[in-house]
Amino acid sequence: QVHLVESGGGLVQPGGSLRLSCAASGSIFSFAAMGWYRQAPGKQRELVARISSGGSTNYADSVKGRFTISRDNAEKTVYLQMNSLKPEDTAVYYCKLSYSVVGDYWGQGTQVTVSS
């Protein structure tokens, strides 16, 4: 069983920064791909950034150059550094663990609100 716990969300002004963390339990973290997704009110959940088990990354066009995903396998944690935040980044942010042997696991989400 895998449990994911996100933290680091909050209220920030436009142009500000936040760092989200997602801590995983279990022993498969280093073998899994990790992703950050977000869901704004009335919209579908969308991929924000993804990092493979080997460290390859990809980003949604809307966040390229502003967000950075990283992972610490020793700490079993994935991070999302978010800079130059915009009001349209407001959403609930979720992390997802993907590993073919066990499937996908989701965290409970953390709210990010960008507003003046």
# chains A, B, ... in the order shown; residues from 1 in each chain; ligands from 1
call {"tool": "residues_around", "arguments": {"residues": "Gln1 (chain A)", "least_positions_apart": "6", "cutoff": "9 Å", "atoms": "only C-alpha atoms", "output": "list in words"}}
result
Ser25, Gly26 and Val102 of chain A
call {"tool": "select_by_dssp", "arguments": {"residues": "region 7-58 of chain A", "states": "strand (DSSP E)", "output": "number ranges by chain"}}
result
A: 7, 10-12, 18-24, 33-39, 46-51, 57-58
call {"tool": "write_last_selection", "arguments": {"atoms": "N, CA, C and O atoms", "output": "compact mmCIF listing (two decimals), in the first residue's frame"}}
result
# COMPACT_ATOMS: atom_id res chain seq x y z
N SER A 7 1.86 18.70 0.86
CA SER A 7 1.91 19.85 1.77
C SER A 7 2.52 21.03 1.03
O SER A 7 3.10 20.87 -0.05
N GLY A 10 -1.11 27.06 -0.13
CA GLY A 10 -1.50 28.23 0.65
C GLY A 10 -1.91 29.37 -0.25
O GLY A 10 -2.14 29.19 -1.46
N LEU A 11 -2.00 30.54 0.37
CA LEU A 11 -2.37 31.77 -0.34
C LEU A 11 -1.11 32.57 -0.63
O LEU A 11 -0.30 32.80 0.28
N VAL A 12 -0.95 32.99 -1.87
CA VAL A 12 0.22 33.75 -2.27
C VAL A 12 -0.21 34.83 -3.26
O VAL A 12 -1.17 34.65 -4.01
N LEU A 18 5.79 29.31 -4.25
CA LEU A 18 5.45 28.26 -3.28
C LEU A 18 6.21 27.01 -3.65
O LEU A 18 6.53 26.79 -4.83
N ARG A 19 6.47 26.19 -2.65
CA ARG A 19 7.08 24.89 -2.89
C ARG A 19 6.18 23.82 -2.32
O ARG A 19 5.96 23.79 -1.10
N LEU A 20 5.67 22.97 -3.18
CA LEU A 20 4.85 21.85 -2.75
C LEU A 20 5.72 20.62 -2.53
O LEU A 20 6.71 20.41 -3.24
N SER A 21 5.32 19.83 -1.55
CA SER A 21 6.00 18.57 -1.27
C SER A 21 4.98 17.45 -1.27
O SER A 21 3.82 17.65 -0.91
N CYS A 22 5.42 16.28 -1.67
CA CYS A 22 4.58 15.08 -1.63
C CYS A 22 5.43 13.94 -1.09
O CYS A 22 6.38 13.50 -1.76
N ALA A 23 5.10 13.51 0.12
CA ALA A 23 5.85 12.44 0.77
C ALA A 23 5.13 11.12 0.57
O ALA A 23 3.91 11.03 0.77
N ALA A 24 5.88 10.10 0.21
CA ALA A 24 5.31 8.78 -0.07
C ALA A 24 5.72 7.77 0.98
O ALA A 24 6.83 7.83 1.53
N ALA A 33 7.28 6.65 -11.45
CA ALA A 33 7.17 8.00 -11.99
C ALA A 33 6.26 8.79 -11.07
O ALA A 33 5.30 8.25 -10.51
N MET A 34 6.56 10.06 -10.91
CA MET A 34 5.76 10.93 -10.05
C MET A 34 5.26 12.12 -10.85
O MET A 34 5.98 12.67 -11.69
N GLY A 35 4.04 12.50 -10.58
CA GLY A 35 3.47 13.64 -11.29
C GLY A 35 2.73 14.57 -10.37
O GLY A 35 2.25 14.17 -9.31
N TRP A 36 2.70 15.83 -10.77
CA TRP A 36 1.85 16.83 -10.12
C TRP A 36 0.74 17.19 -11.10
O TRP A 36 1.00 17.48 -12.28
N TYR A 37 -0.48 17.17 -10.60
CA TYR A 37 -1.66 17.54 -11.37
C TYR A 37 -2.38 18.65 -10.62
O TYR A 37 -2.16 18.86 -9.43
N ARG A 38 -3.27 19.33 -11.32
CA ARG A 38 -4.08 20.34 -10.64
C ARG A 38 -5.48 20.34 -11.22
O ARG A 38 -5.70 19.97 -12.37
N GLN A 39 -6.40 20.78 -10.38
CA GLN A 39 -7.79 20.87 -10.79
C GLN A 39 -8.38 22.15 -10.24
O GLN A 39 -8.46 22.34 -9.03
N GLU A 46 -5.63 18.35 -14.69
CA GLU A 46 -4.63 18.41 -15.76
C GLU A 46 -3.24 18.15 -15.22
O GLU A 46 -2.93 18.48 -14.06
N LEU A 47 -2.40 17.60 -16.08
CA LEU A 47 -1.01 17.37 -15.72
C LEU A 47 -0.27 18.70 -15.67
O LEU A 47 -0.36 19.51 -16.59
N VAL A 48 0.49 18.89 -14.61
CA VAL A 48 1.33 20.07 -14.47
C VAL A 48 2.79 19.73 -14.79
O VAL A 48 3.44 20.39 -15.60
N ALA A 49 3.29 18.68 -14.16
CA ALA A 49 4.67 18.28 -14.36
C ALA A 49 4.82 16.82 -13.98
O ALA A 49 4.08 16.31 -13.13
N ARG A 50 5.80 16.18 -14.58
CA ARG A 50 6.03 14.76 -14.34
C ARG A 50 7.52 14.51 -14.31
O ARG A 50 8.29 15.14 -15.05
N ILE A 51 7.94 13.57 -13.46
CA ILE A 51 9.34 13.17 -13.41
C ILE A 51 9.40 11.66 -13.38
O ILE A 51 8.71 11.01 -12.60
N THR A 57 12.09 14.88 -17.02
CA THR A 57 10.95 15.71 -16.66
C THR A 57 10.20 16.19 -17.89
O THR A 57 10.76 16.32 -18.99
N ASN A 58 8.92 16.47 -17.70
CA ASN A 58 8.15 17.17 -18.71
C ASN A 58 7.11 18.04 -18.01
O ASN A 58 6.71 17.74 -16.87
call {"tool": "residues_around", "arguments": {"residues": "Ser98 (chain A)", "least_positions_apart": "2", "cutoff": "7 Å", "atoms": "only C-alpha atoms", "output": "VMD selection string"}}
result
chain A and resid 32 to 34 96 100 103 to 105
call {"tool": "write_last_selection", "arguments": {"atoms": "N, CA and C atoms", "output": "mmCIF file, in the first residue's frame"}}
result
data_model
loop_
_atom_site.group_PDB
_atom_site.id
_atom_site.type_symbol
_atom_site.label_atom_id
_atom_site.label_comp_id
_atom_site.auth_asym_id
_atom_site.auth_seq_id
_atom_site.Cartn_x
_atom_site.Cartn_y
_atom_site.Cartn_z
ATOM 1 N N ALA A 32 9.173 4.491 -9.265
ATOM 2 C CA ALA A 32 7.928 5.033 -9.798
ATOM 3 C C ALA A 32 8.134 6.384 -10.464
ATOM 4 N N ALA A 33 7.281 6.651 -11.451
ATOM 5 C CA ALA A 33 7.172 7.998 -11.988
ATOM 6 C C ALA A 33 6.260 8.795 -11.068
ATOM 7 N N MET A 34 6.561 10.063 -10.911
ATOM 8 C CA MET A 34 5.765 10.932 -10.049
ATOM 9 C C MET A 34 5.262 12.116 -10.854
ATOM 10 N N LYS A 96 0.716 12.266 -7.926
ATOM 11 C CA LYS A 96 0.376 10.917 -8.346
ATOM 12 C C LYS A 96 1.637 10.084 -8.490
ATOM 13 N N SER A 100 3.978 0.491 -12.872
ATOM 14 C CA SER A 100 3.187 -0.463 -13.642
ATOM 15 C C SER A 100 2.753 -1.676 -12.822
ATOM 16 N N GLY A 103 0.080 0.092 -10.282
ATOM 17 C CA GLY A 103 -0.883 1.062 -10.780
ATOM 18 C C GLY A 103 -0.610 2.461 -10.281
ATOM 19 N N ASP A 104 -1.670 3.260 -10.135
ATOM 20 C CA ASP A 104 -1.561 4.669 -9.758
ATOM 21 C C ASP A 104 -2.106 4.911 -8.361
ATOM 22 N N TYR A 105 -1.436 5.803 -7.649
ATOM 23 C CA TYR A 105 -1.906 6.275 -6.362
ATOM 24 C C TYR A 105 -1.936 7.800 -6.380
#
call {"tool": "select_by_dssp", "arguments": {"residues": "chain A", "states": "helix (DSSP H, G or I)", "output": "ChimeraX atom specification"}}
result
/A:29-31,61-63,87-89
call {"tool": "atom_distance", "arguments": {"atom1": "CA of Cys95 (chain A)", "atom2": "CA of Ser115 (chain A)"}}
result
22.7 Å
call {"tool": "residues_around", "arguments": {"residues": "Gln108 (chain A)", "least_positions_apart": "4", "cutoff": "8 Å", "atoms": "only C-alpha atoms", "output": "list of chain:residue names"}}
result
A:Leu4, A:Val5, A:Glu6, A:Tyr94
call {"tool": "write_last_selection", "arguments": {"atoms": "all heavy atoms", "output": "CSV table (one decimal), in the first residue's frame"}}
result
chain,number,residue,atom,x,y,z
A,4,LEU,N,0.3,8.9,-0.1
A,4,LEU,CA,0.9,10.1,-0.5
A,4,LEU,C,0.3,11.3,0.2
A,4,LEU,O,-0.9,11.4,0.3
A,4,LEU,CB,0.7,10.3,-2.0
A,4,LEU,CG,1.2,9.3,-3.0
A,4,LEU,CD1,0.7,9.5,-4.4
A,4,LEU,CD2,2.7,9.1,-2.9
A,5,VAL,N,1.2,12.1,0.8
A,5,VAL,CA,0.7,13.3,1.5
A,5,VAL,C,1.3,14.5,1.0
A,5,VAL,O,2.6,14.7,1.1
A,5,VAL,CB,1.0,13.1,3.0
A,5,VAL,CG1,0.6,14.3,3.8
A,5,VAL,CG2,0.4,11.8,3.6
A,6,GLU,N,0.5,15.4,0.4
A,6,GLU,CA,1.0,16.7,-0.1
A,6,GLU,C,1.0,17.7,1.0
A,6,GLU,O,0.2,17.7,1.9
A,6,GLU,CB,0.1,17.2,-1.2
A,6,GLU,CG,0.0,16.3,-2.4
A,6,GLU,CD,-1.3,15.5,-2.5
A,6,GLU,OE1,-1.8,15.2,-1.4
A,6,GLU,OE2,-1.7,15.1,-3.6
A,94,TYR,N,-2.5,18.0,-6.8
A,94,TYR,CA,-2.4,16.6,-6.4
A,94,TYR,C,-1.1,16.0,-6.9
A,94,TYR,O,-0.7,16.3,-8.0
A,94,TYR,CB,-3.6,15.8,-7.0
A,94,TYR,CG,-4.9,16.2,-6.6
A,94,TYR,CD1,-5.6,17.2,-7.4
A,94,TYR,CD2,-5.6,15.7,-5.5
A,94,TYR,CE1,-6.9,17.6,-7.0
A,94,TYR,CE2,-6.9,16.1,-5.2
A,94,TYR,CZ,-7.5,17.0,-5.9
A,94,TYR,OH,-8.8,17.4,-5.6
call {"tool": "residues_around", "arguments": {"residues": "Ala40 (chain A)", "least_positions_apart": "4", "cutoff": "10 Å", "atoms": "only C-alpha atoms", "output": "list of chain:residue names"}}
result
A:Gln44, A:Arg45, A:Glu46, A:Glu88, A:Asp89, A:Thr90, A:Ala91, A:Val92, A:Tyr93, A:Gln111, A:Val112
call {"tool": "closest_residue", "arguments": {"among": "A:Leu85, A:Leu80, A:Ala74, A:Leu97", "to": "Ser116 (chain A)", "atoms": "only C-alpha atoms"}}
result
A:Leu85
call {"tool": "atom_distance", "arguments": {"atom1": "CA of Tyr99 (chain A)", "atom2": "CA of Lys76 (chain A)"}}
result
14.2 Å
